[in-house]
$ cat structure-v5.txt   # compact mmCIF, C-alpha atoms
# COMPACT_ATOMS: atom_id res chain seq x y z
CA MET A 1 -59.97 -289.40 32.44
CA LEU A 2 -62.39 -292.10 33.65
CA THR A 3 -64.83 -291.19 30.87
CA ARG A 4 -62.08 -291.43 28.26
CA ILE A 5 -60.97 -294.82 29.58
CA SER A 6 -64.54 -296.16 29.59
CA THR A 7 -65.12 -294.91 26.04
CA SER A 8 -61.92 -296.49 24.75
CA LEU A 9 -62.75 -299.82 26.35
CA PHE A 10 -66.29 -299.69 24.90
CA LEU A 11 -64.93 -299.09 21.39
CA VAL A 12 -62.51 -301.98 21.69
CA VAL A 13 -64.99 -304.59 22.86
CA THR A 14 -67.88 -303.66 20.59
CA SER A 15 -66.03 -303.76 17.28
CA LEU A 16 -65.31 -307.43 16.75
CA GLY A 17 -68.82 -308.40 15.69
CA GLY A 18 -69.62 -305.38 13.54
CA VAL A 19 -67.08 -306.40 10.95
CA ALA A 20 -68.92 -309.69 10.49
CA SER A 21 -72.43 -308.35 10.14
CA ALA A 22 -72.90 -305.70 7.51
CA ASN A 23 -73.86 -305.34 3.89
CA ALA A 24 -70.54 -303.65 3.11
CA PHE A 25 -68.98 -307.14 3.34
CA PHE A 26 -71.71 -309.09 1.49
CA LEU A 27 -70.51 -310.19 -1.96
CA ASN A 28 -72.74 -311.35 -4.82
CA GLU A 29 -70.21 -311.11 -7.67
CA HIS A 30 -69.22 -314.76 -8.06
CA ASP A 31 -69.79 -315.34 -11.79
CA ALA A 32 -68.63 -313.01 -14.56
CA LYS A 33 -71.61 -313.83 -16.78
CA SER A 34 -74.14 -313.10 -14.07
CA ASN A 35 -72.26 -309.98 -12.96
CA GLY A 36 -72.58 -308.41 -16.42
CA ARG A 37 -76.38 -308.47 -16.07
CA ALA A 38 -76.32 -307.15 -12.47
CA GLY A 39 -76.65 -310.61 -10.94
CA ALA A 40 -80.21 -310.92 -12.28
CA SER A 41 -80.08 -314.66 -12.91
CA THR A 42 -82.40 -316.40 -10.44
CA ALA A 43 -84.87 -317.26 -13.21
CA SER A 44 -82.36 -318.04 -15.95
CA ASP A 45 -79.00 -319.34 -14.70
CA THR A 46 -78.52 -322.92 -15.88
CA ASP A 47 -74.72 -322.71 -15.98
CA ALA A 48 -72.34 -324.15 -13.37
CA SER A 49 -72.89 -321.10 -11.13
CA SER A 50 -76.52 -322.16 -10.63
CA VAL A 51 -75.15 -324.17 -7.69
CA ILE A 52 -75.32 -320.93 -5.67
CA TYR A 53 -77.59 -318.58 -7.66
CA ASN A 54 -80.44 -321.09 -7.95
CA PRO A 55 -79.87 -324.86 -7.65
CA GLY A 56 -83.17 -325.28 -9.48
CA GLY A 57 -81.17 -324.50 -12.64
CA ILE A 58 -78.68 -327.37 -12.20
CA PRO A 59 -80.81 -330.06 -13.94
CA VAL A 60 -81.78 -327.91 -16.95
CA ALA A 61 -78.53 -328.21 -18.91
CA ASP A 62 -77.13 -331.46 -20.29
CA GLY A 63 -73.58 -332.68 -19.97
CA VAL A 64 -70.87 -331.32 -17.68
CA GLN A 65 -70.14 -327.64 -17.07
CA VAL A 66 -67.19 -326.02 -15.28
CA SER A 67 -66.61 -322.32 -14.53
CA VAL A 68 -63.53 -320.69 -12.99
CA ASN A 69 -63.92 -317.04 -11.95
CA GLY A 70 -61.73 -314.28 -10.57
CA THR A 71 -63.19 -311.01 -9.28
CA LEU A 72 -61.10 -307.93 -8.40
CA TYR A 73 -62.56 -305.43 -5.92
CA VAL A 74 -61.23 -301.86 -5.88
CA ALA A 75 -63.29 -300.13 -3.18
CA GLN A 76 -63.00 -296.94 -1.15
CA GLY A 77 -64.93 -295.70 1.86
CA SER A 78 -64.71 -292.34 3.59
CA TYR A 79 -65.98 -290.25 6.48
CA GLU A 80 -66.11 -286.52 7.14
CA PRO A 81 -66.56 -285.52 10.81
CA GLU A 82 -69.59 -283.47 11.74
CA GLY A 83 -68.75 -279.83 12.45
CA GLY A 84 -65.69 -279.71 10.23
CA GLY A 85 -62.51 -281.63 9.68
CA ALA A 86 -60.78 -283.17 6.69
CA LYS A 87 -62.36 -286.09 4.90
CA VAL A 88 -60.62 -289.39 5.67
CA LYS A 89 -60.51 -292.10 3.01
CA THR A 90 -59.73 -295.79 3.33
CA ASP A 91 -56.44 -297.03 1.89
CA SER A 92 -57.46 -300.66 1.39
CA ALA A 93 -55.54 -302.55 -1.29
CA PRO A 94 -57.40 -304.12 -4.25
CA GLN A 95 -58.56 -307.60 -3.37
CA LEU A 96 -59.18 -310.74 -5.41
CA ALA A 97 -62.03 -313.18 -4.74
CA PRO A 98 -61.94 -316.51 -6.64
CA SER A 99 -64.81 -318.91 -7.26
CA VAL A 100 -65.14 -322.30 -8.94
CA PHE A 101 -68.32 -324.17 -9.94
CA ALA A 102 -69.11 -327.46 -11.68
CA THR A 103 -72.33 -329.30 -12.58
CA ALA A 104 -73.02 -332.63 -14.29
CA ARG A 105 -76.09 -334.49 -15.53
CA VAL A 106 -75.87 -338.00 -14.07
CA HIS A 107 -79.37 -339.24 -15.01
CA ASP A 108 -82.24 -338.16 -17.25
CA MET A 109 -83.82 -336.53 -14.20
CA ILE A 110 -80.87 -335.86 -11.89
CA ALA A 111 -77.91 -333.49 -11.94
CA VAL A 112 -75.32 -332.65 -9.28
CA GLY A 113 -73.16 -329.63 -8.62
CA VAL A 114 -70.36 -328.36 -6.39
CA GLY A 115 -68.99 -324.87 -5.83
CA PHE A 116 -66.60 -322.70 -3.87
CA HIS A 117 -67.07 -318.96 -3.35
CA ALA A 118 -66.80 -316.21 -0.73
CA PRO A 119 -70.22 -314.64 0.11
CA PHE A 120 -68.72 -312.42 2.82
CA GLY A 121 -65.23 -311.04 2.46
CA LEU A 122 -62.85 -308.17 1.79
CA ALA A 123 -61.15 -305.80 4.22
CA VAL A 124 -61.17 -302.17 5.33
CA SER A 125 -58.01 -300.24 6.19
CA TYR A 126 -57.43 -296.60 7.14
CA PRO A 127 -54.30 -294.41 7.30
CA ASP A 128 -52.42 -294.71 10.59
CA HIS A 129 -53.64 -292.56 13.47
CA HIS A 130 -56.70 -291.23 11.66
CA PRO A 131 -59.33 -289.48 13.86
CA GLN A 132 -61.39 -292.67 14.35
CA ALA A 133 -58.46 -295.06 14.83
CA ALA A 134 -60.00 -295.98 18.20
CA VAL A 135 -62.97 -297.36 16.24
CA ILE A 136 -61.07 -299.08 13.43
CA GLN A 137 -57.57 -299.18 11.96
CA ASP A 138 -57.60 -302.40 9.92
CA GLN A 139 -60.14 -305.20 9.71
CA SER A 140 -61.05 -308.16 7.57
CA LEU A 141 -63.78 -310.77 7.33
CA ARG A 142 -63.50 -313.96 5.30
CA ALA A 143 -66.46 -316.31 5.09
CA TYR A 144 -66.13 -319.06 2.48
CA GLU A 145 -68.82 -321.43 1.25
CA ILE A 146 -68.17 -324.92 -0.02
CA SER A 147 -71.45 -326.00 -1.61
CA ALA A 148 -72.83 -329.30 -2.85
CA ALA A 149 -76.24 -329.53 -4.53
CA VAL A 150 -78.58 -331.92 -6.33
CA GLY A 151 -81.17 -330.96 -8.93
CA ILE A 152 -84.25 -332.83 -10.17
CA ASN A 153 -85.76 -332.32 -13.64
CA LEU A 154 -89.51 -332.97 -13.61
CA GLU A 155 -89.96 -332.34 -17.35
CA LYS A 156 -91.65 -335.73 -17.82
CA PHE A 157 -94.34 -334.89 -15.26
CA VAL A 158 -94.60 -331.08 -15.31
CA PRO A 159 -93.04 -329.64 -18.47
CA GLY A 160 -90.60 -326.86 -17.64
CA LEU A 161 -90.34 -327.52 -13.88
CA THR A 162 -87.01 -328.15 -12.15
CA PHE A 163 -85.86 -327.81 -8.58
CA GLY A 164 -82.75 -328.36 -6.49
CA GLY A 165 -81.17 -327.95 -3.11
CA GLY A 166 -77.90 -328.30 -1.31
CA VAL A 167 -75.76 -327.77 1.75
CA ASP A 168 -73.20 -325.02 2.43
CA LEU A 169 -70.14 -325.52 4.63
CA VAL A 170 -68.97 -322.11 5.88
CA PRO A 171 -65.52 -321.64 7.47
CA ALA A 172 -64.91 -318.02 8.50
CA THR A 173 -62.23 -315.79 10.01
CA VAL A 174 -62.40 -312.26 11.41
CA HIS A 175 -59.55 -309.93 12.36
CA LEU A 176 -59.54 -306.40 13.79
CA GLN A 177 -56.77 -303.96 14.70
CA LYS A 178 -57.35 -300.57 16.31
CA GLU A 179 -55.80 -297.96 18.55
CA VAL A 180 -56.54 -297.55 22.26
CA ASP A 181 -56.14 -293.89 23.17
CA PHE A 182 -55.85 -292.68 26.80
CA GLY A 183 -54.96 -289.02 26.56
CA ASP A 184 -51.46 -288.69 25.11
CA THR A 185 -50.81 -292.42 25.50
CA THR A 186 -51.70 -294.69 22.59
CA GLY A 187 -51.86 -298.46 22.61
CA THR A 188 -53.20 -301.17 20.31
CA ALA A 189 -55.87 -303.84 20.36
CA ASP A 190 -55.57 -306.88 18.10
CA LEU A 191 -58.62 -309.16 18.04
CA GLY A 192 -59.30 -312.20 15.89
CA GLY A 193 -61.23 -315.43 15.72
CA ASN A 194 -62.35 -318.40 13.64
CA ALA A 195 -65.73 -320.05 13.16
CA PHE A 196 -67.43 -322.82 11.21
CA GLY A 197 -71.09 -322.91 10.23
CA VAL A 198 -73.47 -325.00 8.14
CA GLY A 199 -76.30 -323.71 5.98
CA GLY A 200 -78.37 -324.69 3.01
CA ARG A 201 -80.25 -323.43 -0.02
CA ALA A 202 -83.10 -324.60 -2.23
CA GLY A 203 -84.48 -323.30 -5.50
CA VAL A 204 -87.02 -323.86 -8.23
CA MET A 205 -87.28 -322.87 -11.90
CA TYR A 206 -90.33 -322.98 -14.12
CA ARG A 207 -90.36 -322.50 -17.90
CA PRO A 208 -94.00 -322.86 -19.01
CA ALA A 209 -94.34 -325.00 -22.11
CA ALA A 210 -97.09 -322.73 -23.41
CA LEU A 211 -95.02 -319.57 -22.87
CA LYS A 212 -91.52 -320.33 -24.07
CA MET A 213 -90.54 -316.68 -23.74
CA LEU A 214 -91.11 -316.76 -19.94
CA LYS A 215 -88.89 -318.05 -17.12
CA ILE A 216 -89.60 -317.90 -13.39
CA GLY A 217 -87.23 -318.71 -10.54
CA ALA A 218 -87.05 -318.54 -6.76
CA MET A 219 -84.43 -319.45 -4.18
CA TRP A 220 -84.19 -319.65 -0.38
CA ARG A 221 -80.88 -319.44 1.49
CA SER A 222 -80.77 -320.36 5.16
CA LYS A 223 -79.18 -318.34 7.92
CA VAL A 224 -75.74 -319.49 9.08
CA ASN A 225 -74.71 -319.33 12.72
CA LEU A 226 -71.03 -318.59 13.26
CA ASP A 227 -69.60 -318.95 16.76
CA PHE A 228 -66.27 -317.15 16.65
CA LYS A 229 -63.56 -318.13 19.10
CA GLY A 230 -60.16 -316.52 19.15
CA GLY A 231 -57.82 -314.30 21.07
CA GLY A 232 -57.31 -310.70 22.10
CA ASP A 233 -53.95 -308.97 22.45
CA PHE A 234 -53.99 -305.58 24.23
CA ASP A 235 -50.85 -303.43 24.49
CA ILE A 236 -50.49 -300.04 26.17
CA ALA A 237 -47.98 -298.47 28.53
CA ALA A 238 -48.46 -298.34 32.30
CA PRO A 239 -50.45 -297.22 34.20
CA TYR A 240 -53.28 -297.82 31.68
CA ARG A 241 -52.73 -301.52 30.91
CA ASP A 242 -54.83 -302.58 33.89
CA GLN A 243 -57.79 -300.61 32.49
CA LEU A 244 -58.05 -303.04 29.55
CA PRO A 245 -58.96 -306.73 29.58
CA PRO A 246 -56.05 -309.18 29.95
CA ASP A 247 -54.77 -310.98 26.87
CA GLY A 248 -56.63 -314.21 26.34
CA ASP A 249 -59.61 -315.94 24.79
CA ILE A 250 -62.52 -314.03 23.26
CA ALA A 251 -65.79 -315.25 21.75
CA THR A 252 -68.82 -313.87 19.93
CA SER A 253 -71.64 -315.24 17.78
CA ILE A 254 -72.71 -313.85 14.42
CA THR A 255 -75.61 -314.96 12.21
CA LEU A 256 -75.32 -314.53 8.45
CA PRO A 257 -78.85 -313.60 7.32
CA MET A 258 -81.50 -315.78 5.72
CA ALA A 259 -82.49 -314.65 2.24
CA PHE A 260 -85.24 -315.15 -0.35
CA ASP A 261 -84.59 -314.39 -4.01
CA GLY A 262 -87.17 -314.33 -6.80
CA GLY A 263 -86.91 -313.46 -10.47
CA VAL A 264 -88.77 -313.29 -13.78
CA ALA A 265 -87.09 -313.38 -17.18
CA VAL A 266 -88.60 -312.86 -20.62
CA ASN A 267 -87.35 -313.17 -24.21
CA PRO A 268 -89.32 -310.55 -26.19
CA ILE A 269 -87.26 -311.63 -29.20
CA PRO A 270 -85.18 -314.84 -29.31
CA GLN A 271 -81.79 -313.13 -28.99
CA LEU A 272 -82.76 -310.77 -26.15
CA GLU A 273 -83.38 -311.69 -22.52
CA LEU A 274 -84.59 -309.30 -19.81
CA GLU A 275 -84.75 -310.22 -16.13
CA ILE A 276 -85.71 -308.56 -12.85
CA ASP A 277 -84.84 -310.09 -9.47
CA ALA A 278 -85.58 -309.11 -5.88
CA MET A 279 -83.52 -310.40 -2.94
CA TRP A 280 -84.83 -310.00 0.62
CA GLN A 281 -82.34 -310.46 3.47
CA GLN A 282 -83.33 -310.86 7.10
CA TRP A 283 -80.86 -308.54 8.82
CA ASP A 284 -83.25 -307.56 11.64
CA LYS A 285 -82.23 -310.62 13.69
CA PHE A 286 -79.01 -308.73 14.44
CA LYS A 287 -80.38 -306.60 17.26
CA THR A 288 -77.54 -306.84 19.79
CA LEU A 289 -73.94 -307.98 19.81
CA THR A 290 -72.59 -309.90 22.79
CA ILE A 291 -68.84 -310.43 23.19
CA ASP A 292 -67.13 -312.50 25.91
CA LEU A 293 -63.70 -311.09 26.77
CA PRO A 294 -60.89 -312.33 29.02
CA GLY A 295 -61.34 -311.76 32.73
CA GLY A 296 -65.07 -312.49 32.67
CA VAL A 297 -65.92 -309.20 30.89
CA LYS A 298 -69.10 -309.34 28.79
CA SER A 299 -70.22 -306.60 26.41
CA VAL A 300 -73.76 -306.24 25.03
CA THR A 301 -74.21 -303.59 22.34
CA PRO A 302 -77.41 -302.60 20.48
CA GLU A 303 -77.16 -302.86 16.67
CA ASN A 304 -80.80 -302.87 15.44
CA TYR A 305 -80.14 -303.71 11.81
CA LYS A 306 -83.04 -303.58 9.37
CA ASN A 307 -84.16 -305.97 6.65
CA THR A 308 -83.30 -305.05 3.07
CA THR A 309 -84.62 -305.79 -0.42
CA THR A 310 -82.13 -305.54 -3.27
CA ILE A 311 -83.46 -305.04 -6.82
CA ARG A 312 -81.48 -306.30 -9.82
CA ILE A 313 -82.39 -305.62 -13.45
CA GLY A 314 -80.39 -307.23 -16.25
CA ALA A 315 -80.39 -307.49 -20.02
CA GLU A 316 -78.53 -309.91 -22.29
CA TYR A 317 -78.31 -309.80 -26.09
CA ALA A 318 -76.87 -312.51 -28.35
CA ILE A 319 -75.06 -310.68 -31.16
CA THR A 320 -74.14 -313.95 -32.84
CA LYS A 321 -74.18 -317.57 -31.75
CA GLU A 322 -70.64 -316.98 -30.42
CA ALA A 323 -70.98 -313.57 -28.75
CA ALA A 324 -73.29 -311.90 -26.23
CA VAL A 325 -73.34 -308.54 -24.43
CA ARG A 326 -74.96 -307.62 -21.08
CA LEU A 327 -76.08 -304.58 -19.07
CA GLY A 328 -77.52 -304.20 -15.61
CA PHE A 329 -78.74 -301.97 -12.76
CA ILE A 330 -78.80 -302.65 -8.98
CA TRP A 331 -80.49 -300.86 -6.07
CA ASP A 332 -78.84 -302.19 -2.90
CA PRO A 333 -79.88 -300.52 0.39
CA THR A 334 -77.74 -300.80 3.52
CA PRO A 335 -79.07 -302.63 6.60
CA ILE A 336 -77.09 -300.37 8.97
CA PRO A 337 -79.26 -297.71 10.67
CA SER A 338 -77.92 -294.18 10.84
CA THR A 339 -77.80 -294.54 14.65
CA THR A 340 -75.08 -297.21 14.50
CA GLN A 341 -73.11 -296.14 11.43
CA THR A 342 -69.35 -295.94 12.11
CA ALA A 343 -66.09 -295.74 10.19
CA GLN A 344 -65.78 -299.47 10.71
CA LEU A 345 -68.26 -300.06 7.89
CA PRO A 346 -68.76 -296.89 5.81
CA ASP A 347 -71.80 -298.29 4.02
CA VAL A 348 -74.43 -296.43 1.97
CA ASP A 349 -77.55 -297.22 -0.07
CA ARG A 350 -75.83 -298.29 -3.25
CA ILE A 351 -76.64 -297.75 -6.91
CA ASP A 352 -74.63 -300.05 -9.21
CA LEU A 353 -74.29 -300.19 -12.99
CA THR A 354 -72.89 -303.21 -14.84
CA VAL A 355 -71.67 -304.17 -18.31
CA GLY A 356 -70.27 -307.42 -19.65
CA GLY A 357 -69.89 -309.84 -22.51
CA SER A 358 -69.00 -313.38 -23.58
CA TYR A 359 -67.32 -315.07 -26.50
CA ALA A 360 -67.46 -318.78 -27.34
CA PHE A 361 -64.27 -320.11 -28.96
CA GLY A 362 -65.78 -323.43 -29.92
CA ASN A 363 -65.47 -326.94 -28.50
CA GLY A 364 -67.30 -325.75 -25.37
CA LEU A 365 -64.74 -323.15 -24.23
CA SER A 366 -66.00 -319.60 -23.51
CA LEU A 367 -64.54 -316.41 -22.06
CA HIS A 368 -66.65 -314.01 -19.97
CA ALA A 369 -65.88 -310.56 -18.56
CA SER A 370 -67.81 -307.88 -16.70
CA VAL A 371 -67.38 -304.61 -14.81
CA LEU A 372 -69.60 -303.34 -11.98
CA GLY A 373 -69.44 -299.75 -10.77
CA VAL A 374 -70.75 -298.71 -7.36
CA LEU A 375 -71.63 -295.04 -7.91
CA PRO A 376 -70.23 -292.57 -5.32
CA ARG A 377 -72.87 -291.82 -2.67
CA THR A 378 -72.96 -290.52 0.91
CA ARG A 379 -75.15 -290.72 4.01
CA SER A 380 -75.18 -288.83 7.32
CA THR A 381 -75.49 -290.21 10.83
CA SER A 382 -78.55 -289.60 12.98
CA ASP A 383 -79.11 -286.56 15.22
CA GLU A 384 -79.71 -288.73 18.32
CA LEU A 385 -77.32 -288.02 21.20
CA TYR A 386 -74.38 -290.48 21.18
CA MET A 387 -76.11 -292.57 18.49
CA PRO A 388 -73.52 -293.01 17.10
CA ALA A 389 -70.67 -291.62 19.20
CA TYR A 390 -68.82 -290.29 16.13
CA LYS A 391 -71.14 -288.27 13.91
CA GLY A 392 -70.50 -287.26 10.34
CA THR A 393 -71.02 -288.08 6.67
CA PHE A 394 -69.94 -291.44 5.30
CA GLY A 395 -69.34 -292.44 1.68
CA ALA A 396 -68.54 -295.48 -0.45
CA GLU A 397 -67.68 -296.27 -4.06
CA ALA A 398 -66.14 -299.21 -5.91
CA ILE A 399 -65.18 -300.84 -9.18
CA VAL A 400 -65.59 -304.61 -9.46
CA ALA A 401 -64.07 -306.44 -12.45
CA SER A 402 -64.66 -310.13 -13.17
CA VAL A 403 -63.19 -312.59 -15.67
CA ALA A 404 -64.16 -316.23 -16.13
CA LEU A 405 -63.43 -319.24 -18.29
CA SER A 406 -66.15 -321.84 -18.70
CA TYR A 407 -66.14 -325.22 -20.37
CA ALA A 408 -69.19 -327.20 -21.42
CA PHE A 409 -68.76 -330.84 -22.38
CA ASP A 410 -72.20 -330.94 -23.98
CA PRO A 411 -72.03 -329.90 -27.67
CA MET A 412 -75.44 -328.19 -27.51
CA HIS A 413 -74.35 -325.72 -24.79
CA ARG A 414 -74.58 -322.05 -25.82
CA THR A 415 -72.56 -319.12 -24.48
CA SER A 416 -75.58 -317.34 -22.98
CA ALA A 417 -79.18 -317.72 -21.94
CA ALA A 418 -80.17 -315.57 -24.90
CA ALA A 419 -78.22 -317.82 -27.25
CA GLN A 420 -79.97 -320.84 -25.73
CA ALA A 421 -83.26 -319.17 -26.63
CA LEU A 422 -82.04 -318.95 -30.23
CA ALA A 423 -81.48 -322.69 -30.23
CA SER A 424 -85.09 -323.30 -29.21
CA ASN A 425 -86.34 -321.30 -32.23
CA PRO A 426 -83.81 -321.87 -35.02
CA THR A 427 -86.03 -320.61 -37.85
CA SER A 428 -86.42 -317.13 -36.34
CA THR A 429 -82.95 -315.85 -37.12
CA PRO A 430 -79.79 -316.95 -38.98
CA LEU A 431 -77.82 -316.35 -35.75
CA ALA A 432 -78.99 -319.73 -34.49
CA SER A 433 -77.21 -321.63 -37.24
CA LYS A 434 -74.23 -323.68 -36.14

$ encode --input "structure-v5.txt" --output "structure tokens"
Amino acid sequence: MLTRISTSLFLVVTSLGGVASANAFFLNEHDAKSNGRAGASTASDTDASSVIYNPGGIPVADGVQVSVNGTLYVAQGSYEPEGGGAKVKTDSAPQLAPSVFATARVHDMIAVGVGFHAPFGLAVSYPDHHPQAAVIQDQSLRAYEISAAVGINLEKFVPGLTFGGGVDLVPATVHLQKEVDFGDTTGTADLGGNAFGVGGRAGVMYRPAALKMLKIGAMWRSKVNLDFKGGGDFDIAAPYRDQLPPDGDIATSITLPMAFDGGVAVNPIPQLELEIDAMWQQWDKFKTLTIDLPGGVKSVTPENYKNTTTIRIGAEYAITKEAAVRLGFIWDPTPIPSTTQTAQLPDVDRIDLTVGGSYAFGNGLSLHASVLGVLPRTRSTSDELYMPAYKGTFGAEAIVASVALSYAFDPMHRTSAAAQALASNPTSTPLASK
């Protein structure tokens, strides 16, 4: 019985931070146009969403641009216990993530931008009393970013060079519910907290005057420290209540990872744009998780995450000056080692496919839509003893649908990067005519 009590307590106190630290909760789908081309936009995004994808793109476009996006996530995770047992699937409801961006040219050389999006979010929920309910029943993480950025256009000094940077304000919340099981007696643990962090980003774009078909971009995003403070509520019948911490204050610190993103885009023909991006994220700073619980209890748990590099490949084709279509491919490895994989975050190395399109109605108003599919894949836990405690095969799959309306106050704005390329070479094709 002592072993069972110790194990249950360990699972309770080590779970709060895991929800806030894994790739399964990292979101990159904030703009329907970018999503259609797999998010490959570091070298080419000069729309309002450049505030977050690469602030070096803010000063490229003239006028004022506004984009309002809504993204629906329909995701499912699963686990199948080692040695037999029925597969258990999450029953999380579809979830909506909004984002809003705006940029404006305020000087020949200067542009500004603001944005709101959720880089970490969503929730995971399992059926009641599933075999790993002591690890996770329901959980959610919400980390929002309110961004402000400034861009400088150095066209007069270095043709084709722009750069920008900004600050990110990051309020966040985390919530976890799980069972506490002592033999035939079952209780509950309800943990939650709030945090506020500050980060920043900087980016550069270069469009060589001698190679108009080429675009190069790079962006750096800082780490964000989040010091969560909240409360824990533990309920179980006597005589086991004294084996758990008292209700009261809890605290833990989580660091959202630093990232570098680089991309190259080319226009082999004026109406077609191809881009490849690589994003490196520094997850390996998350080596241990320390949680302060009521009653002076402190838990230190090894996590040993690994750095990841995500590859994004996108294509965009301007059918006419009003319409464009997009395709994309993503390789997105998980930072969670097989020694710490749990049902709390049933993550896998992901392969994603995307498709999307845009239509410009005139007078600056455009509609954009995209769909991203995370292909079903699985991974098994390690063979190391008790690493993790629950061994098995985990899986994940998802459909992500995005819709956006954008408005450009500048009459020269085009619906897509490919269409902008048409404008720079109007004699090459009748599609560039207005």

$ closest_residue --input "structure-v5.txt" --among "A:Ala195, A:Ala202, A:Val100, A:Val68" --to "Gly262 in chain A" --atoms "only C-alpha atoms"
A:Ala202

$ axis_aligned_box --input "structure-v5.txt" --around "range 165-170 of chain A" --padding-each-side "8 Å" --output "lines of an AutoDock Vina configuration file"
center_x = -75.1
center_y = -325.2
center_z = 1.4
size_x = 28.2
size_y = 22.2
size_z = 25.0

$ residues_around --input "structure-v5.txt" --residues "range 51-61 of chain A" --least-positions-apart "2" --cutoff "6 Å" --atoms "only C-alpha atoms" --output "number ranges by chain"
A: 42, 45-46, 49, 111, 113, 151-153, 162-165, 203-205, 219

$ residues_around --input "structure-v5.txt" --residues "Val266 in chain A" --least-positions-apart "6" --cutoff "6 Å" --atoms "all atoms listed in the file" --output "list of chain:residue names"
A:Met213, A:Leu214, A:Glu273, A:Leu274

$ residues_near_point --input "structure-v5.txt" --point "(-65.1, -323.7, 10.1)" --cutoff "12 Å" --atoms "only C-alpha atoms" --output "list in words"
Arg142, Ala143, Tyr144, Glu145, Ile146, Asp168, Leu169, Val170, Pro171, Ala172, Thr173, Val174, Gly193, Asn194, Ala195, Phe196, Gly197, Val198, Gly199, Val224, Asn225, Leu226, Asp227, Phe228 and Lys229 of chain A

$ residues_around --input "structure-v5.txt" --residues "Ser406 in chain A" --least-positions-apart "6" --cutoff "8 Å" --atoms "all atoms listed in the file" --output "PyMOL selection string"
chain A and resi 65-68+364-368

$ write_last_selection --input "structure-v5.txt" --atoms "C-alpha atoms" --output "mmCIF file, in the frame of the given file"
data_model
loop_
_atom_site.group_PDB
_atom_site.id
_atom_site.type_symbol
_atom_site.label_atom_id
_atom_site.label_comp_id
_atom_site.auth_asym_id
_atom_site.auth_seq_id
_atom_site.Cartn_x
_atom_site.Cartn_y
_atom_site.Cartn_z
ATOM 1 C CA GLN A 65 -70.140 -327.640 -17.070
ATOM 2 C CA VAL A 66 -67.190 -326.020 -15.280
ATOM 3 C CA SER A 67 -66.610 -322.320 -14.530
ATOM 4 C CA VAL A 68 -63.530 -320.690 -12.990
ATOM 5 C CA GLY A 364 -67.300 -325.750 -25.370
ATOM 6 C CA LEU A 365 -64.740 -323.150 -24.230
ATOM 7 C CA SER A 366 -66.000 -319.600 -23.510
ATOM 8 C CA LEU A 367 -64.540 -316.410 -22.060
ATOM 9 C CA HIS A 368 -66.650 -314.010 -19.970
#

$ closest_residue --input "structure-v5.txt" --among "A:Ala48, A:Ile399, A:Val300, A:Ile319" --to "Ser147 in chain A" --atoms "all atoms listed in the file"
A:Ala48

$ residues_around --input "structure-v5.txt" --residues "range 284-295 of chain A" --least-positions-apart "5" --cutoff "6 Å" --atoms "all atoms listed in the file" --output "list of chain:residue names"
A:Pro245, A:Pro246, A:Gly248, A:Asp249, A:Ile250, A:Ala251, A:Thr252, A:Val300, A:Thr301, A:Pro302, A:Glu303, A:Asn304, A:Tyr305, A:Lys306, A:Asn307

$ write_last_selection --input "structure-v5.txt" --atoms "C-alpha atoms" --output "short mmCIF file (atom, residue, chain, number, x, y, z; two decimals), keeping the file's coordinate frame"
data_model
loop_
_atom_site.label_atom_id
_atom_site.label_comp_id
_atom_site.auth_asym_id
_atom_site.auth_seq_id
_atom_site.Cartn_x
_atom_site.Cartn_y
_atom_site.Cartn_z
CA PRO A 245 -58.96 -306.73 29.58
CA PRO A 246 -56.05 -309.18 29.95
CA GLY A 248 -56.63 -314.21 26.34
CA ASP A 249 -59.61 -315.94 24.79
CA ILE A 250 -62.52 -314.03 23.26
CA ALA A 251 -65.79 -315.25 21.75
CA THR A 252 -68.82 -313.87 19.93
CA VAL A 300 -73.76 -306.24 25.03
CA THR A 301 -74.21 -303.59 22.34
CA PRO A 302 -77.41 -302.60 20.48
CA GLU A 303 -77.16 -302.86 16.67
CA ASN A 304 -80.80 -302.87 15.44
CA TYR A 305 -80.14 -303.71 11.81
CA LYS A 306 -83.04 -303.58 9.37
CA ASN A 307 -84.16 -305.97 6.65
#

$ residues_near_point --input "structure-v5.txt" --point "(-75.7, -339.5, -14.2)" --cutoff "12 Å" --atoms "all atoms listed in the file" --output "MDAnalysis selection string"
chainID A and resid 59 62:64 103:113 150:152

$ atom_distance --input "structure-v5.txt" --atom1 "CA of Ala32 in chain A" --atom2 "CA of Leu405 in chain A"
8.9 Å

$ residues_around --input "structure-v5.txt" --residues "Tyr240 in chain A" --least-positions-apart "3" --cutoff "10 Å" --atoms "only C-alpha atoms" --output "ChimeraX atom specification"
/A:5,180-182,185-187,235-237,243-244

$ closest_residue --input "structure-v5.txt" --among "A:Tyr317, A:Tyr206, A:Phe234, A:Trp283" --to "Ile336 in chain A" --atoms "only C-alpha atoms"
A:Trp283

$ atom_distance --input "structure-v5.txt" --atom1 "CA of Arg37 in chain A" --atom2 "CA of Arg312 in chain A"
8.4 Å

$ closest_residue --input "structure-v5.txt" --among "A:Gly392, A:Gly232, A:Leu72, A:Ser402" --to "Gly85 in chain A" --atoms "all atoms listed in the file"
A:Gly392

$ closest_residue --input "structure-v5.txt" --among "A:Gln132, A:Trp331, A:His30, A:Gly160" --to "Lys87 in chain A" --atoms "only C-alpha atoms"
A:Gln132

$ atom_distance --input "structure-v5.txt" --atom1 "CA of Val264 in chain A" --atom2 "CA of Asp277 in chain A"
6.7 Å

$ closest_residue --input "structure-v5.txt" --among "A:Gln341, A:Ser382, A:Ser370, A:Thr354" --to "Tyr79 in chain A" --atoms "only C-alpha atoms"
A:Gln341
